[in-house]
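What follows is the content of my_file13.pdb, which has PDB, C-alpha atoms:
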```pdb
MODEL        1
ATOM      1  CA  MET Y   1       7.974-239.996  66.846  1.00  0.00           C
ATOM      2  CA  ASN Y   2       8.753-236.398  65.993  1.00  0.00           C
ATOM      3  CA  ASN Y   3      11.772-235.041  67.895  1.00  0.00           C
ATOM      4  CA  LYS Y   4      12.423-232.097  65.561  1.00  0.00           C
ATOM      5  CA  PRO Y   5      10.427-229.406  67.477  1.00  0.00           C
ATOM      6  CA  PHE Y   6      12.097-230.507  70.704  1.00  0.00           C
ATOM      7  CA  LEU Y   7      15.625-230.352  69.269  1.00  0.00           C
ATOM      8  CA  GLU Y   8      14.894-226.975  67.635  1.00  0.00           C
ATOM      9  CA  TYR Y   9      13.713-225.652  71.004  1.00  0.00           C
ATOM     10  CA  ILE Y  10      16.882-226.867  72.740  1.00  0.00           C
ATOM     11  CA  ASN Y  11      19.161-225.447  70.042  1.00  0.00           C
ATOM     12  CA  LYS Y  12      17.736-221.972  70.717  1.00  0.00           C
ATOM     13  CA  ILE Y  13      19.215-222.186  74.221  1.00  0.00           C
ATOM     14  CA  ILE Y  14      22.285-224.467  73.976  1.00  0.00           C
ATOM     15  CA  SER Y  15      24.220-226.255  71.228  1.00  0.00           C
ATOM     16  CA  LEU Y  16      24.533-230.013  71.368  1.00  0.00           C
ATOM     17  CA  THR Y  17      26.942-232.222  69.451  1.00  0.00           C
ATOM     18  CA  ALA Y  18      25.537-235.192  67.542  1.00  0.00           C
ATOM     19  CA  GLU Y  19      26.757-237.489  70.321  1.00  0.00           C
ATOM     20  CA  GLU Y  20      25.086-235.352  73.009  1.00  0.00           C
ATOM     21  CA  GLU Y  21      21.832-235.340  71.023  1.00  0.00           C
ATOM     22  CA  THR Y  22      21.954-239.139  70.853  1.00  0.00           C
ATOM     23  CA  ILE Y  23      22.454-239.369  74.624  1.00  0.00           C
ATOM     24  CA  LEU Y  24      19.599-236.901  75.209  1.00  0.00           C
ATOM     25  CA  LEU Y  25      17.188-238.751  72.931  1.00  0.00           C
ATOM     26  CA  SER Y  26      18.049-242.075  74.595  1.00  0.00           C
ATOM     27  CA  LYS Y  27      16.593-240.738  77.863  1.00  0.00           C
ATOM     28  CA  ILE Y  28      13.239-239.444  76.603  1.00  0.00           C
ATOM     29  CA  VAL Y  29       9.862-241.124  76.509  1.00  0.00           C
ATOM     30  CA  HIS Y  30       7.180-240.182  73.973  1.00  0.00           C
ATOM     31  CA  ARG Y  31       3.672-240.287  75.365  1.00  0.00           C
ATOM     32  CA  ASN Y  32       0.237-239.455  74.009  1.00  0.00           C
ATOM     33  CA  TYR Y  33      -2.594-238.375  76.299  1.00  0.00           C
ATOM     34  CA  LEU Y  34      -6.260-238.081  75.448  1.00  0.00           C
ATOM     35  CA  LYS Y  35      -8.340-234.981  76.081  1.00  0.00           C
ATOM     36  CA  ASP Y  36      -9.220-234.737  79.815  1.00  0.00           C
ATOM     37  CA  GLN Y  37      -6.533-237.273  80.799  1.00  0.00           C
ATOM     38  CA  TYR Y  38      -4.309-236.344  83.744  1.00  0.00           C
ATOM     39  CA  ILE Y  39      -0.518-236.185  83.433  1.00  0.00           C
ATOM     40  CA  THR Y  40      -0.159-235.467  87.167  1.00  0.00           C
ATOM     41  CA  GLN Y  41      -2.779-235.535  89.905  1.00  0.00           C
ATOM     42  CA  GLN Y  42      -2.810-233.499  93.083  1.00  0.00           C
ATOM     43  CA  GLY Y  43      -1.501-235.623  95.955  1.00  0.00           C
ATOM     44  CA  ASP Y  44       0.537-237.975  93.741  1.00  0.00           C
ATOM     45  CA  VAL Y  45       4.253-237.484  93.175  1.00  0.00           C
ATOM     46  CA  CYS Y  46       4.955-235.843  89.816  1.00  0.00           C
ATOM     47  CA  ARG Y  47       7.150-238.375  88.015  1.00  0.00           C
ATOM     48  CA  THR Y  48       7.974-236.448  84.823  1.00  0.00           C
ATOM     49  CA  VAL Y  49       8.739-233.073  83.313  1.00  0.00           C
ATOM     50  CA  ASN Y  50       7.008-232.777  79.965  1.00  0.00           C
ATOM     51  CA  PHE Y  51       7.744-230.946  76.727  1.00  0.00           C
ATOM     52  CA  ILE Y  52       4.638-230.457  74.591  1.00  0.00           C
ATOM     53  CA  ILE Y  53       4.997-231.519  70.948  1.00  0.00           C
ATOM     54  CA  SER Y  54       1.295-230.936  70.251  1.00  0.00           C
ATOM     55  CA  GLY Y  55      -1.769-230.218  72.324  1.00  0.00           C
ATOM     56  CA  CYS Y  56      -2.721-228.070  75.289  1.00  0.00           C
ATOM     57  CA  THR Y  57      -2.719-228.613  79.053  1.00  0.00           C
ATOM     58  CA  LYS Y  58      -3.860-226.795  82.160  1.00  0.00           C
ATOM     59  CA  THR Y  59      -2.217-226.816  85.574  1.00  0.00           C
ATOM     60  CA  PHE Y  60      -4.647-226.240  88.405  1.00  0.00           C
ATOM     61  CA  TYR Y  61      -5.291-226.562  92.109  1.00  0.00           C
ATOM     62  CA  MET Y  62      -8.554-228.090  93.333  1.00  0.00           C
ATOM     63  CA  ASP Y  63      -9.626-226.547  96.636  1.00  0.00           C
ATOM     64  CA  GLY Y  64     -11.509-228.334  99.432  1.00  0.00           C
ATOM     65  CA  GLU Y  65     -14.864-227.175  98.046  1.00  0.00           C
ATOM     66  CA  GLY Y  66     -14.159-228.662  94.612  1.00  0.00           C
ATOM     67  CA  HIS Y  67     -13.379-225.357  92.893  1.00  0.00           C
ATOM     68  CA  GLU Y  68     -10.722-225.404  90.203  1.00  0.00           C
ATOM     69  CA  HIS Y  69      -8.047-222.671  90.258  1.00  0.00           C
ATOM     70  CA  ILE Y  70      -6.065-222.658  87.002  1.00  0.00           C
ATOM     71  CA  VAL Y  71      -2.526-221.346  87.331  1.00  0.00           C
ATOM     72  CA  LEU Y  72      -1.089-222.174  83.913  1.00  0.00           C
ATOM     73  CA  PHE Y  73      -1.912-223.203  80.372  1.00  0.00           C
ATOM     74  CA  ALA Y  74       0.744-224.812  78.180  1.00  0.00           C
ATOM     75  CA  ILE Y  75       0.868-225.453  74.420  1.00  0.00           C
ATOM     76  CA  GLU Y  76       3.412-226.550  71.821  1.00  0.00           C
ATOM     77  CA  ASP Y  77       7.057-225.777  72.670  1.00  0.00           C
ATOM     78  CA  TRP Y  78       6.191-225.226  76.346  1.00  0.00           C
ATOM     79  CA  TRP Y  79       6.923-227.355  79.393  1.00  0.00           C
ATOM     80  CA  THR Y  80       4.302-228.644  81.800  1.00  0.00           C
ATOM     81  CA  SER Y  81       4.626-230.313  85.186  1.00  0.00           C
ATOM     82  CA  ASP Y  82       4.145-229.770  88.890  1.00  0.00           C
ATOM     83  CA  LEU Y  83       7.746-228.646  89.096  1.00  0.00           C
ATOM     84  CA  GLY Y  84       7.816-228.393  92.896  1.00  0.00           C
ATOM     85  CA  SER Y  85       6.670-231.997  93.225  1.00  0.00           C
ATOM     86  CA  PHE Y  86       9.049-233.187  90.513  1.00  0.00           C
ATOM     87  CA  ILE Y  87      12.101-231.505  92.064  1.00  0.00           C
ATOM     88  CA  THR Y  88      11.344-232.614  95.642  1.00  0.00           C
ATOM     89  CA  GLN Y  89       9.672-235.928  94.710  1.00  0.00           C
ATOM     90  CA  ALA Y  90       6.960-235.004  97.238  1.00  0.00           C
ATOM     91  CA  PRO Y  91       3.166-235.115  96.646  1.00  0.00           C
ATOM     92  CA  ALA Y  92       1.917-232.690  93.988  1.00  0.00           C
ATOM     93  CA  ASP Y  93       0.029-229.537  94.887  1.00  0.00           C
ATOM     94  CA  PHE Y  94      -1.322-229.248  91.347  1.00  0.00           C
ATOM     95  CA  ASN Y  95      -3.092-231.288  88.718  1.00  0.00           C
ATOM     96  CA  VAL Y  96      -1.853-231.240  85.125  1.00  0.00           C
ATOM     97  CA  GLN Y  97      -4.644-232.204  82.729  1.00  0.00           C
ATOM     98  CA  CYS Y  98      -4.915-232.287  78.945  1.00  0.00           C
ATOM     99  CA  ILE Y  99      -7.412-229.891  77.376  1.00  0.00           C
ATOM    100  CA  GLU Y 100      -6.768-231.454  73.960  1.00  0.00           C
ATOM    101  CA  HIS Y 101      -5.202-234.669  72.732  1.00  0.00           C
ATOM    102  CA  THR Y 102      -1.568-234.030  73.706  1.00  0.00           C
ATOM    103  CA  GLU Y 103       1.740-235.508  72.572  1.00  0.00           C
ATOM    104  CA  LEU Y 104       4.626-235.117  75.018  1.00  0.00           C
ATOM    105  CA  ILE Y 105       8.295-235.801  75.403  1.00  0.00           C
ATOM    106  CA  GLN Y 106       8.853-236.801  79.007  1.00  0.00           C
ATOM    107  CA  PHE Y 107      11.851-237.016  81.311  1.00  0.00           C
ATOM    108  CA  THR Y 108      11.739-239.008  84.515  1.00  0.00           C
ATOM    109  CA  TYR Y 109      13.569-237.677  87.552  1.00  0.00           C
ATOM    110  CA  LYS Y 110      16.154-240.483  87.301  1.00  0.00           C
ATOM    111  CA  ASN Y 111      16.774-239.936  83.578  1.00  0.00           C
ATOM    112  CA  LEU Y 112      17.151-236.190  84.033  1.00  0.00           C
ATOM    113  CA  GLU Y 113      19.692-236.653  86.833  1.00  0.00           C
ATOM    114  CA  GLU Y 114      21.640-239.083  84.622  1.00  0.00           C
ATOM    115  CA  LEU Y 115      21.553-236.599  81.747  1.00  0.00           C
ATOM    116  CA  TYR Y 116      23.011-233.863  83.948  1.00  0.00           C
ATOM    117  CA  LYS Y 117      26.015-236.127  84.599  1.00  0.00           C
ATOM    118  CA  GLU Y 118      26.410-237.389  81.030  1.00  0.00           C
ATOM    119  CA  VAL Y 119      25.802-234.046  79.258  1.00  0.00           C
ATOM    120  CA  PRO Y 120      26.554-231.284  81.802  1.00  0.00           C
ATOM    121  CA  LYS Y 121      25.353-228.462  79.528  1.00  0.00           C
ATOM    122  CA  LEU Y 122      21.814-229.865  79.863  1.00  0.00           C
ATOM    123  CA  GLU Y 123      21.878-228.706  83.459  1.00  0.00           C
ATOM    124  CA  ARG Y 124      22.281-225.164  82.077  1.00  0.00           C
ATOM    125  CA  LEU Y 125      19.336-225.754  79.719  1.00  0.00           C
ATOM    126  CA  PHE Y 126      17.028-226.807  82.537  1.00  0.00           C
ATOM    127  CA  ARG Y 127      18.282-223.998  84.771  1.00  0.00           C
ATOM    128  CA  LYS Y 128      17.283-221.524  82.036  1.00  0.00           C
ATOM    129  CA  ILE Y 129      13.866-223.178  81.726  1.00  0.00           C
ATOM    130  CA  VAL Y 130      13.269-222.980  85.493  1.00  0.00           C
ATOM    131  CA  GLU Y 131      14.483-219.361  85.577  1.00  0.00           C
ATOM    132  CA  ARG Y 132      11.999-218.410  82.841  1.00  0.00           C
ATOM    133  CA  ALA Y 133       9.191-220.188  84.692  1.00  0.00           C
ATOM    134  CA  PHE Y 134      10.096-218.391  87.916  1.00  0.00           C
ATOM    135  CA  VAL Y 135      10.143-214.969  86.235  1.00  0.00           C
ATOM    136  CA  ALA Y 136       6.775-215.628  84.554  1.00  0.00           C
ATOM    137  CA  SER Y 137       5.305-216.700  87.901  1.00  0.00           C
ATOM    138  CA  GLN Y 138       6.600-213.580  89.644  1.00  0.00           C
ATOM    139  CA  LYS Y 139       5.165-211.320  86.926  1.00  0.00           C
ATOM    140  CA  ARG Y 140       1.811-213.044  87.199  1.00  0.00           C
ATOM    141  CA  ILE Y 141       1.742-212.511  90.965  1.00  0.00           C
ATOM    142  CA  ILE Y 142       2.503-208.804  90.538  1.00  0.00           C
ATOM    143  CA  ARG Y 143      -0.202-208.435  87.856  1.00  0.00           C
ATOM    144  CA  ASN Y 144      -2.751-210.165  90.096  1.00  0.00           C
ATOM    145  CA  PHE Y 145      -2.012-207.684  92.899  1.00  0.00           C
ATOM    146  CA  SER Y 146      -1.749-204.515  90.840  1.00  0.00           C
ATOM    147  CA  LEU Y 147      -3.949-204.751  87.723  1.00  0.00           C
ATOM    148  CA  THR Y 148      -7.689-204.900  87.140  1.00  0.00           C
ATOM    149  CA  VAL Y 149      -9.252-208.025  85.695  1.00  0.00           C
ATOM    150  CA  LYS Y 150      -9.754-206.167  82.420  1.00  0.00           C
ATOM    151  CA  GLU Y 151      -6.052-205.279  82.245  1.00  0.00           C
ATOM    152  CA  ARG Y 152      -5.037-208.853  83.138  1.00  0.00           C
ATOM    153  CA  TYR Y 153      -7.331-210.259  80.453  1.00  0.00           C
ATOM    154  CA  GLN Y 154      -5.927-207.886  77.835  1.00  0.00           C
ATOM    155  CA  ILE Y 155      -2.374-208.947  78.751  1.00  0.00           C
ATOM    156  CA  PHE Y 156      -3.419-212.602  78.624  1.00  0.00           C
ATOM    157  CA  LYS Y 157      -4.922-212.154  75.139  1.00  0.00           C
ATOM    158  CA  LYS Y 158      -1.884-210.257  73.883  1.00  0.00           C
ATOM    159  CA  THR Y 159       0.740-212.637  75.272  1.00  0.00           C
ATOM    160  CA  ASN Y 160      -1.215-215.878  74.651  1.00  0.00           C
ATOM    161  CA  PRO Y 161      -3.224-215.422  71.428  1.00  0.00           C
ATOM    162  CA  LYS Y 162      -2.988-219.121  70.522  1.00  0.00           C
ATOM    163  CA  ILE Y 163      -4.249-220.173  73.941  1.00  0.00           C
ATOM    164  CA  ASP Y 164      -7.125-217.672  73.972  1.00  0.00           C
ATOM    165  CA  GLN Y 165      -8.475-219.288  70.794  1.00  0.00           C
ATOM    166  CA  ARG Y 166      -8.131-222.886  72.043  1.00  0.00           C
ATOM    167  CA  VAL Y 167      -9.283-222.757  75.658  1.00  0.00           C
ATOM    168  CA  PRO Y 168     -12.916-222.470  76.813  1.00  0.00           C
ATOM    169  CA  GLN Y 169     -13.795-219.098  78.322  1.00  0.00           C
ATOM    170  CA  TYR Y 170     -14.729-220.575  81.701  1.00  0.00           C
ATOM    171  CA  MET Y 171     -11.132-221.840  82.008  1.00  0.00           C
ATOM    172  CA  ILE Y 172      -9.728-218.413  81.148  1.00  0.00           C
ATOM    173  CA  ALA Y 173     -12.065-216.966  83.799  1.00  0.00           C
ATOM    174  CA  SER Y 174     -10.656-219.448  86.338  1.00  0.00           C
ATOM    175  CA  TYR Y 175      -7.114-218.457  85.346  1.00  0.00           C
ATOM    176  CA  LEU Y 176      -8.021-214.800  85.911  1.00  0.00           C
ATOM    177  CA  GLY Y 177      -9.759-215.596  89.213  1.00  0.00           C
ATOM    178  CA  VAL Y 178     -13.259-214.495  88.148  1.00  0.00           C
ATOM    179  CA  THR Y 179     -16.555-216.077  87.106  1.00  0.00           C
ATOM    180  CA  LYS Y 180     -17.268-216.713  83.420  1.00  0.00           C
ATOM    181  CA  GLU Y 181     -20.141-214.198  83.658  1.00  0.00           C
ATOM    182  CA  PHE Y 182     -17.765-211.490  84.889  1.00  0.00           C
ATOM    183  CA  LEU Y 183     -15.299-212.288  82.096  1.00  0.00           C
ATOM    184  CA  SER Y 184     -18.150-212.043  79.591  1.00  0.00           C
ATOM    185  CA  LYS Y 185     -18.946-208.528  80.881  1.00  0.00           C
ATOM    186  CA  ILE Y 186     -15.270-207.524  80.588  1.00  0.00           C
ATOM    187  CA  LYS Y 187     -15.152-208.807  76.999  1.00  0.00           C
ATOM    188  CA  SER Y 188     -18.329-206.852  76.154  1.00  0.00           C
ATOM    189  CA  GLN Y 189     -16.785-203.675  77.577  1.00  0.00           C
ATOM    190  CA  ILE Y 190     -13.629-204.196  75.504  1.00  0.00           C
ATOM    191  CA  ILE Y 191     -15.696-204.669  72.312  1.00  0.00           C
ATOM    192  CA  GLN Y 192     -17.797-201.541  73.037  1.00  0.00           C
ATOM    193  CA  ASN Y 193     -14.662-199.443  73.624  1.00  0.00           C
ATOM    194  CA  GLN Y 194     -13.030-200.423  70.314  1.00  0.00           C
TER     195      GLN Y 194
ENDMDL
END
```

As structure tokens, please, write out the structure in this file.
Amino acid sequence: MNNKPFLEYINKIISLTAEEETILLSKIVHRNYLKDQYITQQGDVCRTVNFIISGCTKTFYMDGEGHEHIVLFAIEDWWTSDLGSFITQAPADFNVQCIEHTELIQFTYKNLEELYKEVPKLERLFRKIVERAFVASQKRIIRNFSLTVKERYQIFKKTNPKIDQRVPQYMIASYLGVTKEFLSKIKSQIIQNQ
């Protein structure tokens, strides 16, 4: 299995010795998921945090009427999980599902806790990851309150060009909180104004 992208990602944040890398790699699990397969399902406890080697996932909430509300897409070099469920080991609020065939590196709760003890600087790594996720979530909340759908879509396209090309438009509409027909109108307006 290919650990290189994972180790390159980590080395951008912290430096590990060869011995620490060996300990880290001894605690990971490689897993492949098929398109449409669930990594975590709403109501189940999220057992892993997942680094994406290849593929694309969506994190979403399914409401009581069966409507899907996408809160996050994740691609290569990103993490995906229901982090709240993973940290608390309580039932998940979100589903994490593969949009494409997806290869992951996974950490179980137990293995991650052991890693924190064996390689303390990994706790700093995961703190930085959680901080980045928190900041991104806060920015998204502010944008949803203060920007138009057109402005939010333009930001989405600019900050996620790889995702925009890989994800069906109805999913992007769900992420933006609109219908696919409304998103189509917004896209037409953007094209006419260019």

Where does range 116-167 of chain Y meet range 42-65 of chain Y within 12 Å, residue by residue, with the nearest atom pair and distance in Å to one decimal for each, counting all atoms listed in the file, listed by chain and rising number, as a Markdown table?
```
| residue | atom | partner | partner_atom | distance |
| --- | --- | --- | --- | --- |
| Y:Phe126 | CA | Y:Val49 | CA | 10.4 |
| Y:Ile129 | CA | Y:Phe51 | CA | 11.1 |
| Y:Val130 | CA | Y:Val49 | CA | 11.3 |
| Y:Lys162 | CA | Y:Cys56 | CA | 10.1 |
| Y:Ile163 | CA | Y:Cys56 | CA | 8.2 |
| Y:Asp164 | CA | Y:Cys56 | CA | 11.4 |
| Y:Gln165 | CA | Y:Cys56 | CA | 11.4 |
| Y:Arg166 | CA | Y:Cys56 | CA | 8.2 |
| Y:Val167 | CA | Y:Cys56 | CA | 8.5 |
```

Excluding Pro5 in chain Y and residues on its chain fewer than 4 positions from it, collect all residues at most 12 Å away from it, counting all atoms listed in the file, and give them as an mmCIF file with C-alpha atoms, in the frame of the given file.
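Here's the written file around-v3.cif:
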```cif
data_model
loop_
_atom_site.group_PDB
_atom_site.id
_atom_site.type_symbol
_atom_site.label_atom_id
_atom_site.label_comp_id
_atom_site.auth_asym_id
_atom_site.auth_seq_id
_atom_site.Cartn_x
_atom_site.Cartn_y
_atom_site.Cartn_z
ATOM 1 C CA MET Y 1 7.974 -239.996 66.846
ATOM 2 C CA TYR Y 9 13.713 -225.652 71.004
ATOM 3 C CA ILE Y 10 16.882 -226.867 72.740
ATOM 4 C CA ASN Y 11 19.161 -225.447 70.042
ATOM 5 C CA LYS Y 12 17.736 -221.972 70.717
ATOM 6 C CA PHE Y 51 7.744 -230.946 76.727
ATOM 7 C CA ILE Y 52 4.638 -230.457 74.591
ATOM 8 C CA ILE Y 53 4.997 -231.519 70.948
ATOM 9 C CA SER Y 54 1.295 -230.936 70.251
ATOM 10 C CA GLU Y 76 3.412 -226.550 71.821
ATOM 11 C CA ASP Y 77 7.057 -225.777 72.670
ATOM 12 C CA TRP Y 78 6.191 -225.226 76.346
ATOM 13 C CA GLU Y 103 1.740 -235.508 72.572
ATOM 14 C CA LEU Y 104 4.626 -235.117 75.018
ATOM 15 C CA ILE Y 105 8.295 -235.801 75.403
#
```

Between Y:Ile39, Y:Leu122, Y:Leu83, Y:Val29, which has the minimum distance to Asn2 in chain Y (counting all atoms listed in the file)?
->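 Between Y:Ile39, Y:Leu122, Y:Leu83, Y:Val29, the residue approaching Asn2 in chain Y most closely is Y:Val29.
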
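Computed from the coordinates, the CA of Asn95 in chain Y to CA of Gln41 in chain Y distance equals 4.4 Å.
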
Mind giving me the straight-line distance from CA of Glu113 in chain Y to CA of Ser81 in chain Y in Å, one decimal?
-> 16.4 Å

Figure out the distance between CA of Ala74 in chain Y and CA of Arg124 in chain Y, please, to one decimal in Å.
-> 21.9 Å

Determine, counting all atoms listed in the file, which protein, DNA and RNA residues have an atom within 8 Å of an atom of Ile28 in chain Y; residues of the same chain fewer than 3 positions away are not included. Present the result as number ranges by chain.
-> Y: 24-25, 105-107, 111

Same residues, C-alpha atoms, output as a JSON list (two decimals), in the coordinates of the input:
```
[["chain", "number", "residue", "atom", "x", "y", "z"],
["Y", 24, "LEU", "CA", 19.60, -236.90, 75.21],
["Y", 25, "LEU", "CA", 17.19, -238.75, 72.93],
["Y", 105, "ILE", "CA", 8.30, -235.80, 75.40],
["Y", 106, "GLN", "CA", 8.85, -236.80, 79.01],
["Y", 107, "PHE", "CA", 11.85, -237.02, 81.31],
["Y", 111, "ASN", "CA", 16.77, -239.94, 83.58]]
```

Edge lengths and centre in Å to one decimal, as AutoDock Vina command-line options, of the axis-aligned box that encloses all listed atoms of range 183-187 of chain Y with 3 Å added on every side?
```
--center_x -17.0 --center_y -209.9 --center_z 79.5 --size_x 9.8 --size_y 10.8 --size_z 11.1
```

Tell me which of Y:Ser26, Y:Gln169, Y:Ser188, Y:Thr148 sits closest to Glu114 in chain Y, counting all atoms listed in the file.
->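 Result for the nearest residue to Glu114 in chain Y: Y:Ser26.
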
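Each of Y:Arg127, Y:Lys157, Y:Lys35, Y:Arg152 was checked against Gln97 in chain Y using all atoms listed in the file; the smallest atom-to-atom distance is that of Y:Lys35.
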
Determine the nearest neighbour of Phe6 in chain Y from the options Y:Phe73, Y:Phe134, Y:Glu19, Y:Trp79, counting all atoms listed in the file.
->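 The closest residue to Phe6 in chain Y is Y:Trp79.
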